[in-house]
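A.B. asks: Input structure: protein_19.txt, which contains compact mmCIF, C-alpha atoms.
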# COMPACT_ATOMS: atom_id res chain seq x y z
CA MET A 1 -18.46 24.10 2.52
CA LYS A 2 -18.94 25.35 6.08
CA TRP A 3 -15.32 25.04 7.16
CA LEU A 4 -14.04 27.23 4.33
CA PRO A 5 -15.75 30.60 3.90
CA VAL A 6 -14.80 31.49 0.34
CA THR A 7 -14.79 35.24 0.80
CA GLN A 8 -12.73 37.96 -0.77
CA GLU A 9 -10.94 38.48 2.54
CA LEU A 10 -9.68 34.87 2.68
CA SER A 11 -9.25 34.44 -1.06
CA PHE A 12 -6.12 32.68 -2.27
CA GLN A 13 -6.19 34.89 -5.35
CA LYS A 14 -5.96 37.95 -3.12
CA LEU A 15 -2.72 36.59 -1.68
CA ILE A 16 -1.38 36.01 -5.19
CA GLU A 17 -2.35 39.57 -6.16
CA GLN A 18 -0.14 40.85 -3.35
CA SER A 19 2.80 39.06 -4.96
CA ASP A 20 4.50 39.64 -8.29
CA LEU A 21 3.27 36.35 -9.75
CA LEU A 22 -0.27 37.27 -10.74
CA GLU A 23 0.32 36.59 -14.43
CA GLU A 24 2.05 33.23 -13.79
CA LEU A 25 -0.43 32.02 -11.14
CA LYS A 26 -3.98 32.93 -12.07
CA TYR A 27 -5.48 30.43 -9.63
CA ASP A 28 -7.98 30.42 -6.80
CA PHE A 29 -10.06 27.90 -4.85
CA ASN A 30 -13.65 27.48 -6.01
CA GLU A 31 -16.71 26.76 -3.84
CA LYS A 32 -15.66 23.09 -3.65
CA ALA A 33 -12.21 24.13 -2.36
CA GLU A 34 -10.58 22.95 -5.62
CA LEU A 35 -7.71 24.92 -7.16
CA ARG A 36 -8.81 26.25 -10.53
CA HIS A 37 -7.60 28.80 -13.11
CA THR A 38 -9.55 32.03 -12.62
CA GLU A 39 -10.25 32.42 -16.34
CA THR A 40 -10.47 28.90 -17.79
CA GLN A 41 -11.61 27.08 -14.60
CA ARG A 42 -9.18 24.32 -15.49
CA PRO A 43 -6.97 22.47 -12.95
CA PHE A 44 -3.37 23.49 -12.34
CA VAL A 45 -0.98 23.02 -15.27
CA PHE A 46 2.67 22.43 -14.43
CA ASN A 47 4.09 23.00 -17.93
CA TYR A 48 3.35 26.75 -18.07
CA TYR A 49 6.70 27.57 -19.69
CA LYS A 50 6.75 25.11 -22.58
CA ASN A 51 9.26 22.37 -21.73
CA VAL A 52 11.45 24.60 -19.53
CA LEU A 53 11.75 22.40 -16.45
CA GLU A 54 13.74 24.81 -14.30
CA ARG A 55 11.28 27.70 -14.67
CA ASN A 56 8.26 25.44 -14.24
CA SER A 57 9.78 23.97 -11.08
CA LYS A 58 10.37 27.45 -9.68
CA ARG A 59 6.78 28.39 -10.47
CA TYR A 60 5.56 25.27 -8.68
CA GLN A 61 7.80 26.12 -5.74
CA ALA A 62 6.32 29.64 -5.62
CA LEU A 63 2.81 28.17 -5.65
CA GLY A 64 3.76 25.90 -2.75
CA HIS A 65 5.10 28.83 -0.74
CA LEU A 66 1.92 30.83 -1.32
CA LEU A 67 -0.21 27.82 -0.37
CA ALA A 68 1.69 27.51 2.92
CA GLN A 69 0.98 31.17 3.74
CA TYR A 70 -2.69 30.71 2.81
CA ILE A 71 -3.07 27.59 4.96
CA TYR A 72 -1.48 29.44 7.91
CA GLU A 73 -4.10 32.16 7.45
CA LEU A 74 -6.92 29.59 7.37
CA LEU A 75 -5.61 27.89 10.53
CA GLU A 76 -5.74 31.19 12.40
CA LYS A 77 -8.87 32.79 10.91
CA VAL A 78 -11.08 29.78 10.11
CA CYS A 79 -9.94 27.23 12.71
CA LYS A 80 -9.14 29.91 15.34
CA LEU A 81 -5.80 28.32 16.21
CA GLN A 82 -2.94 30.20 17.83
CA LYS A 83 0.52 30.42 16.27
CA VAL A 84 3.25 29.55 18.80
CA TYR A 85 6.93 30.22 18.09
CA ILE A 86 9.69 27.91 19.32
CA PRO A 87 12.03 27.93 21.11
CA THR A 88 9.97 30.07 23.45
CA GLU A 89 12.89 32.01 24.90
CA ALA A 90 14.41 32.91 21.51
CA ASP A 91 14.08 36.37 20.07
CA LYS A 92 16.49 37.51 17.38
CA GLU A 93 17.12 34.23 15.59
CA PRO A 94 15.30 32.07 13.01
CA ARG A 95 12.45 30.25 14.73
CA SER A 96 10.01 27.55 13.85
CA PHE A 97 6.40 27.50 15.04
CA PHE A 98 3.30 25.35 15.38
CA PHE A 99 -0.42 25.92 15.93
CA MET A 100 -2.73 24.97 18.78
CA SER A 101 -6.29 25.60 19.90
CA GLU A 102 -6.89 28.24 22.55
CA ARG A 103 -7.36 25.88 25.49
CA ALA A 104 -5.01 23.11 24.37
CA LEU A 105 -2.83 23.48 27.47
CA THR A 106 -5.39 24.63 30.04
CA SER A 107 -8.68 22.76 29.75
CA HIS A 108 -8.70 19.52 31.73
CA HIS A 109 -10.46 16.21 31.07
CA SER A 110 -10.53 16.55 27.30
CA VAL A 111 -8.84 14.89 24.35
CA LEU A 112 -5.78 16.58 22.86
CA LEU A 113 -5.31 15.60 19.22
CA VAL A 114 -1.82 16.04 17.75
CA LEU A 115 -1.36 16.08 13.97
CA LEU A 116 2.01 14.92 12.61
CA GLN A 117 2.45 15.07 8.83
CA ASP A 118 4.70 13.31 6.31
CA HIS A 119 8.08 14.73 5.27
CA GLY A 120 8.30 17.10 2.31
CA ALA A 121 8.27 20.75 1.27
CA PHE A 122 4.84 21.36 2.79
CA ARG A 123 4.24 22.94 6.19
CA ALA A 124 1.76 22.95 9.09
CA GLY A 125 -1.86 22.35 8.13
CA GLN A 126 -1.07 20.21 5.08
CA TRP A 127 -1.16 16.46 4.62
CA SER A 128 0.07 16.82 1.04
CA GLN A 129 0.85 19.84 -1.10
CA GLN A 130 0.33 17.77 -4.22
CA ALA A 131 -3.11 16.67 -3.03
CA ILE A 132 -4.11 20.28 -2.34
CA ILE A 133 -3.07 21.36 -5.84
CA HIS A 134 -4.67 18.46 -7.71
CA HIS A 135 -7.55 17.36 -5.44
CA GLY A 136 -8.39 20.39 -3.29
CA LEU A 137 -8.17 21.58 0.29
CA GLN A 138 -10.58 18.99 1.62
CA HIS A 139 -8.19 16.19 0.57
CA GLY A 140 -4.75 17.74 1.00
CA SER A 141 -5.15 20.11 3.95
CA GLN A 142 -5.65 19.23 7.61
CA ILE A 143 -8.52 21.70 7.99
CA PRO A 144 -11.36 19.12 7.71
CA CYS A 145 -9.60 17.02 10.37
CA ILE A 146 -9.13 20.03 12.66
CA GLN A 147 -12.74 21.13 12.26
CA MET A 148 -13.97 17.61 12.98
CA ALA A 149 -11.82 17.51 16.12
CA LEU A 150 -13.02 20.90 17.35
CA GLN A 151 -16.65 19.92 16.75
CA ALA A 152 -16.04 16.82 18.90
CA HIS A 153 -14.71 19.17 21.64
CA TYR A 154 -11.13 18.01 21.20
CA ASP A 155 -8.23 20.39 21.62
CA VAL A 156 -5.73 20.39 18.78
CA ILE A 157 -1.99 20.83 18.21
CA VAL A 158 -0.82 21.09 14.60
CA LEU A 159 2.89 20.32 14.34
CA ASN A 160 5.24 21.83 11.75
CA PRO A 161 7.99 19.18 11.50
CA ASN A 162 9.33 20.17 8.06
CA ASP A 163 10.15 23.77 9.03
CA ASN A 164 13.79 23.02 9.86
CA PHE A 165 15.90 25.85 8.45
CA VAL A 166 15.77 29.27 6.85
CA ASP A 167 17.41 29.90 3.48
CA LEU A 168 18.56 33.52 3.54
CA LYS A 169 18.64 33.91 -0.23
CA MET A 170 15.15 32.48 -0.72
CA GLU A 171 13.77 34.52 2.20
CA ASN A 172 14.90 37.73 0.51
CA GLU A 173 13.38 36.61 -2.79
CA TRP A 174 10.05 35.71 -1.14
CA LYS A 175 9.95 39.13 0.50
CA GLY A 176 10.56 40.73 -2.87
CA LEU A 177 7.74 38.76 -4.46
CA LEU A 178 5.23 38.92 -1.62
CA THR A 179 5.29 42.68 -1.23
CA GLN A 180 2.25 44.48 0.16
CA ASN A 181 3.11 47.66 -1.75
CA MET A 182 2.17 47.16 -5.36
CA GLY A 183 4.97 48.58 -7.48
CA SER A 184 5.08 49.27 -11.19
CA SER A 185 4.31 46.47 -13.63
CA SER A 186 7.82 46.69 -15.08
CA LEU A 187 9.33 46.24 -11.62
CA LYS A 188 7.13 43.21 -11.04
CA ILE A 189 8.28 41.65 -14.30
CA VAL A 190 11.91 42.15 -13.33
CA GLN A 191 11.33 40.64 -9.86
CA ALA A 192 9.49 37.63 -11.29
CA GLU A 193 12.23 37.12 -13.90
CA ASN A 194 14.89 37.23 -11.18
CA PHE A 195 12.95 34.69 -9.15
CA PHE A 196 12.56 32.26 -12.04
CA SER A 197 16.22 32.51 -13.06
CA LEU A 198 18.77 29.94 -11.97
CA GLN A 199 19.47 30.09 -8.24
CA GLN A 200 22.75 30.25 -6.40
CA PRO A 201 23.52 27.59 -3.77
CA LEU A 202 21.28 27.63 -0.70
CA GLN A 203 22.37 29.71 2.27
CA CYS A 204 20.72 27.71 5.05
CA ILE A 205 20.60 28.41 8.77
CA PRO A 206 19.14 25.61 10.93
CA LYS A 207 16.31 26.54 13.28
CA ARG A 208 17.26 25.75 16.85
CA CYS A 209 15.17 23.01 18.49
CA SER A 210 13.71 22.21 15.08
CA ASN A 211 16.72 21.07 13.03
CA THR A 212 14.90 17.83 12.20
CA PRO A 213 11.32 16.60 12.43
CA GLU A 214 12.35 14.42 15.38
CA GLU A 215 13.83 17.40 17.26
CA HIS A 216 10.79 19.58 16.49
CA VAL A 217 8.35 17.00 17.87
CA ALA A 218 10.47 16.22 20.94
CA TYR A 219 10.68 19.92 21.85
CA ILE A 220 6.92 20.44 21.60
CA TRP A 221 6.35 17.26 23.60
CA ASP A 222 8.74 18.37 26.36
CA TYR A 223 7.60 21.97 26.67
CA PHE A 224 3.91 21.76 25.77
CA ILE A 225 2.20 18.36 25.45
CA SER A 226 3.85 16.77 28.51
CA LYS A 227 2.84 19.77 30.64
CA THR A 228 -0.88 19.21 30.12
CA GLU A 229 -2.81 17.66 33.00
CA GLY A 230 -5.91 15.50 32.88
CA LYS A 231 -5.79 15.17 29.11
CA ASP A 232 -6.05 12.07 26.95
CA VAL A 233 -3.63 12.53 24.05
CA ALA A 234 -4.17 11.05 20.59
CA PHE A 235 -1.93 11.27 17.52
CA ILE A 236 -2.66 11.12 13.80
CA VAL A 237 0.61 10.49 11.94
CA HIS A 238 1.15 10.19 8.19
CA GLY A 239 4.06 8.64 6.30
CA TYR A 240 7.39 9.69 7.83
CA GLY A 241 5.40 11.07 10.76
CA GLY A 242 4.99 7.46 11.89
CA LEU A 243 8.75 7.04 12.11
CA VAL A 244 9.01 10.34 14.03
CA PHE A 245 6.34 9.23 16.51
CA MET A 246 8.12 5.92 17.15
CA ASP A 247 11.30 7.90 17.75
CA LEU A 248 9.44 9.98 20.34
CA LEU A 249 8.02 6.82 21.92
CA VAL A 250 11.52 5.38 22.36
CA ARG A 251 13.04 8.64 23.64
CA ARG A 252 10.18 9.53 26.02
CA LYS A 253 9.01 6.00 26.71
CA TRP A 254 7.28 6.33 30.06
CA GLU A 255 5.75 9.75 29.42
CA VAL A 256 4.28 8.73 26.07
CA MET A 257 3.01 5.39 27.33
CA ASN A 258 1.22 7.08 30.23
CA LYS A 259 -0.19 10.05 28.33
CA VAL A 260 -1.13 8.80 24.85
CA TYR A 261 -4.22 6.62 24.60
CA ALA A 262 -4.44 6.11 20.82
CA VAL A 263 -2.30 6.53 17.71
CA ALA A 264 -3.71 6.45 14.19
CA LEU A 265 -0.92 5.78 11.70
CA ILE A 266 -1.58 6.41 8.02
CA ASP A 267 0.62 4.58 5.50
CA SER A 268 3.45 4.94 7.99
CA GLU A 269 7.21 4.70 7.30
CA HIS A 270 8.12 3.50 10.80
CA HIS A 271 10.12 0.31 11.37
CA VAL A 272 9.30 -1.45 14.62
CA GLY A 273 12.27 -3.82 14.46
CA HIS A 274 14.85 -1.08 13.95
CA GLN A 275 13.26 1.51 16.23
CA LEU A 276 11.72 -0.42 19.13
CA GLY A 277 13.94 -3.50 18.95
CA SER A 278 12.90 -6.20 21.41
CA ASP A 279 11.54 -3.88 24.13
CA VAL A 280 8.68 -6.02 25.45
CA GLN A 281 6.87 -3.11 27.11
CA LEU A 282 6.92 -0.94 23.99
CA LEU A 283 5.83 -3.81 21.77
CA ALA A 284 2.93 -4.58 24.11
CA TRP A 285 1.97 -0.89 24.24
CA ILE A 286 1.81 -0.34 20.47
CA LYS A 287 -0.20 -3.54 20.06
CA HIS A 288 -2.97 -2.10 22.22
CA HIS A 289 -2.71 1.62 21.40
CA CYS A 290 -1.91 1.79 17.67
CA ARG A 291 -3.86 1.13 14.49
CA GLU A 292 -2.65 1.74 10.95
CA TRP A 293 -4.58 2.65 7.81
CA VAL A 294 -2.56 1.53 4.77
CA THR A 295 -2.97 2.14 1.06
CA SER A 296 -4.83 -0.81 -0.38
CA PRO A 297 -7.29 -1.76 -3.14
CA LYS A 298 -9.53 -3.16 -0.41
CA PRO A 299 -12.55 -1.20 0.88
CA LEU A 300 -12.05 1.14 3.83
CA ASP A 301 -11.42 -0.62 7.17
CA LYS A 302 -11.00 -4.09 5.70
CA PRO A 303 -8.12 -5.97 7.42
CA ALA A 304 -4.83 -5.43 5.62
CA THR A 305 -2.25 -6.99 7.94
CA THR A 306 0.77 -8.48 6.17
CA VAL A 307 3.15 -11.24 7.20
CA LEU A 308 6.00 -8.76 7.56
CA ARG A 309 4.06 -6.16 9.55
CA LYS A 310 1.62 -7.35 12.18
CA GLU A 311 2.72 -5.49 15.33
CA PHE A 312 -0.73 -3.89 15.66
CA PRO A 313 -4.02 -3.90 13.70
CA MET A 314 -3.75 -2.74 10.09
CA VAL A 315 -6.73 -1.87 7.92
CA SER A 316 -7.28 -0.43 4.45
CA ALA A 317 -7.34 3.36 4.02
CA GLY A 318 -9.80 2.90 1.17
CA THR A 319 -7.37 4.24 -1.43
CA GLU A 320 -4.17 3.18 -3.18
CA LYS A 321 -2.79 6.75 -3.20
CA HIS A 322 -0.49 7.72 -0.33
CA ASN A 323 -1.35 11.43 -0.45
CA LEU A 324 -5.12 10.76 -0.34
CA ALA A 325 -4.99 8.24 2.52
CA PRO A 326 -5.50 10.83 5.33
CA SER A 327 -8.71 12.26 3.87
CA SER A 328 -9.98 8.83 2.84
CA SER A 329 -9.58 7.33 6.33
CA LEU A 330 -10.54 10.39 8.42
CA GLN A 331 -14.06 9.33 9.42
CA SER A 332 -12.83 5.87 10.36
CA ILE A 333 -10.00 7.30 12.47
CA PHE A 334 -12.34 9.41 14.58
CA LYS A 335 -14.55 6.37 15.18
CA TYR A 336 -11.44 4.54 16.35
CA PHE A 337 -10.55 7.37 18.75
CA LYS A 338 -14.06 7.40 20.19
CA LYS A 339 -14.07 3.64 20.71
CA ALA A 340 -10.54 3.64 22.17
CA LEU A 341 -11.40 6.41 24.62
CA LYS A 342 -14.52 4.58 25.77
CA ALA A 343 -12.54 1.38 26.34
CA LYS A 344 -9.62 3.19 27.94
CA THR A 345 -8.46 1.94 31.31
CA THR A 346 -6.01 3.88 33.45
CA ILE A 347 -2.69 2.07 33.63
CA ASN A 348 0.29 3.87 35.08
CA TYR A 349 3.46 2.60 33.46
CA SER A 350 6.56 2.88 35.63
CA ARG A 351 10.24 2.05 35.46
CA VAL A 352 9.87 -0.62 38.17
CA PRO A 353 11.02 -3.96 36.70
CA ILE A 354 8.32 -6.53 36.06
CA VAL A 355 8.50 -9.32 38.66
CA THR A 356 8.57 -12.69 36.95
CA ARG A 357 8.33 -16.23 38.33
CA SER A 358 12.03 -16.83 37.70
CA CYS A 359 12.91 -13.62 39.57
CA THR A 360 10.82 -14.78 42.56
CA LYS A 361 12.57 -18.18 42.64
CA ARG A 362 16.01 -16.55 42.57
CA LYS A 363 15.02 -14.23 45.41
CA GLN A 364 13.70 -17.13 47.56
CA SER A 365 16.78 -19.28 46.95
CA ALA A 366 19.01 -16.38 47.97
Could you write out this structure as structure tokens?

C.D. replies:
Amino acid sequence: MKWLPVTQELSFQKLIEQSDLLEELKYDFNEKAELRHTETQRPFVFNYYKNVLERNSKRYQALGHLLAQYIYELLEKVCKLQKVYIPTEADKEPRSFFFMSERALTSHHSVLLVLLQDHGAFRAGQWSQQAIIHHGLQHGSQIPCIQMALQAHYDVIVLNPNDNFVDLKMENEWKGLLTQNMGSSSLKIVQAENFFSLQQPLQCIPKRCSNTPEEHVAYIWDYFISKTEGKDVAFIVHGYGGLVFMDLLVRRKWEVMNKVYAVALIDSEHHVGHQLGSDVQLLAWIKHHCREWVTSPKPLDKPATTVLRKEFPMVSAGTEKHNLAPSSSLQSIFKYFKKALKAKTTINYSRVPIVTRSCTKRKQSA
């Protein structure tokens, strides 16, 4: 697989070896980017500690944390994206971050693709942690999408909407487990045992400008995306990301309407009635600039509009599984972007009220 050089340097197993969980997590990605046990070649097994839910859950949580670190490494080393911390002026405080291609803010007359994931424990570069673990990187990670975008000469911004706070207790435990200096085996056993023991209550500190997915996206829009010139912006949003995008559309109405030319929603959790209300301009805009791929037993791209939801075109994602919908519909989404860009006409939306026939009559009678 060209987009994932399976080398020792970028090996997931190497990252696990640097932790104290080597015995509990003997897993790596094979040449098909599937997570497999390094000895048995079998898929991931949750019930490692026989019927001890708490310890198995902690092990799964540790795997998820390691996967996040690995995906970050792939975004920087394979996709050549830059890691950007926010808020930009902050220094000695917990900060969130996102990733973007080198010329995302500077190159003019190109498409800027923004990826906005679902809500959950997973971080930037992932559509679904569960899909990565059980179906592989090509289905659960955003790397195939990013590589496809870069090959089409798009610039890319990968948002990190679920990185909202830092838990001080867990941070200290991660640092203890993910140590670069390999200590004694007995010390490792003690550290792993401490990690898998029952935890005390979380000690959470919110990350400024990223307390919620909505705040995270609004900040990056205000300080990065909105500053770009001559770019056609497109969004791919999954699940709760659809609700977050609609929130941005309402909050930054005129900017978004003027800058975004296409939005691909995937099994979205937005609610037009509650979020957009009866705003005629917004309703008209989403009708012409949005398309949704929904989970369905129908073949990919077959119409799937329902009576309750028909604000814009809806088609089948080609799968009935929510966490596989992004990878299943990816090719179709890029065709949609290409067609939408070709048909794009420049319309500058403004706050000037629309002049209607009734308004004209009132003005003449006055």

A.B. asks: When distances are computed from all atoms listed in the file, which of A:Glu311, A:Glu76, A:Glu31, A:Glu17 shows the smallest separation from A:His270?

C.D. replies: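 Selected residue with least distance to A:His270: A:Glu311.
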
A.B. asks: What gap, in Å, lies between atom CA of A:Val294 and atom CA of A:Gln117?

C.D. replies: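 Going from atom CA of A:Val294 over to atom CA of A:Gln117 covers 15.0 Å.
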
A.B. asks: Can you tell me, as a PyMOL selection string, what residues are no more than 12 Å from A:Ile86 when counting all atoms listed in the file, ignoring any on the same chain fewer than 2 positions away?

C.D. replies: chain A and resi 83-84+88-99+159-161+163-164+207-211+215-224

A.B. asks: Quote the spacing between atom CA of A:Val158 and atom CA of A:Thr212 in Å to one decimal place.

C.D. replies: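 These atoms are spaced 16.2 Å apart.
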
A.B. asks: One decimal, in Å: what's the spacing between atom CA of A:Gly277 and atom CA of A:Val256?

C.D. replies: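 The value is 17.1 Å.
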
A.B. asks: Could you put an axis-aligned box around every listed atom of stretch 109-120 of chain A, padded by 3 Å on each side, and send me its centre and edge lengths in Å to one decimal, as lines of an AutoDock Vina configuration file?

C.D. replies:
center_x = -1.1
center_y = 15.2
center_z = 16.7
size_x = 24.8
size_y = 9.8
size_z = 34.8

A.B. asks: Have a look at A:Phe312, A:Phe12, A:Trp285, A:Phe165 and name the one nearest to A:Leu67; count only C-alpha atoms.

C.D. replies: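 Ranking A:Phe312, A:Phe12, A:Trp285, A:Phe165 by distance to A:Leu67, first place goes to A:Phe12.
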
A.B. asks: Measuring atom to atom with all atoms listed in the file, identify which of A:Asp118, A:Leu66, A:Ala340, A:Lys335 is nearest to A:Ala152.

C.D. replies: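 Answer, going by the shortest atom-to-atom distance: A:Lys335.
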
A.B. asks: A:Thr295: which residues within 12 Å, counting all atoms listed in the file, same-chain residues fewer than 4 positions away excluded, as an NGL selection string?

C.D. replies: :A and (238-239 or 265-268 or 299-305 or 314-329)
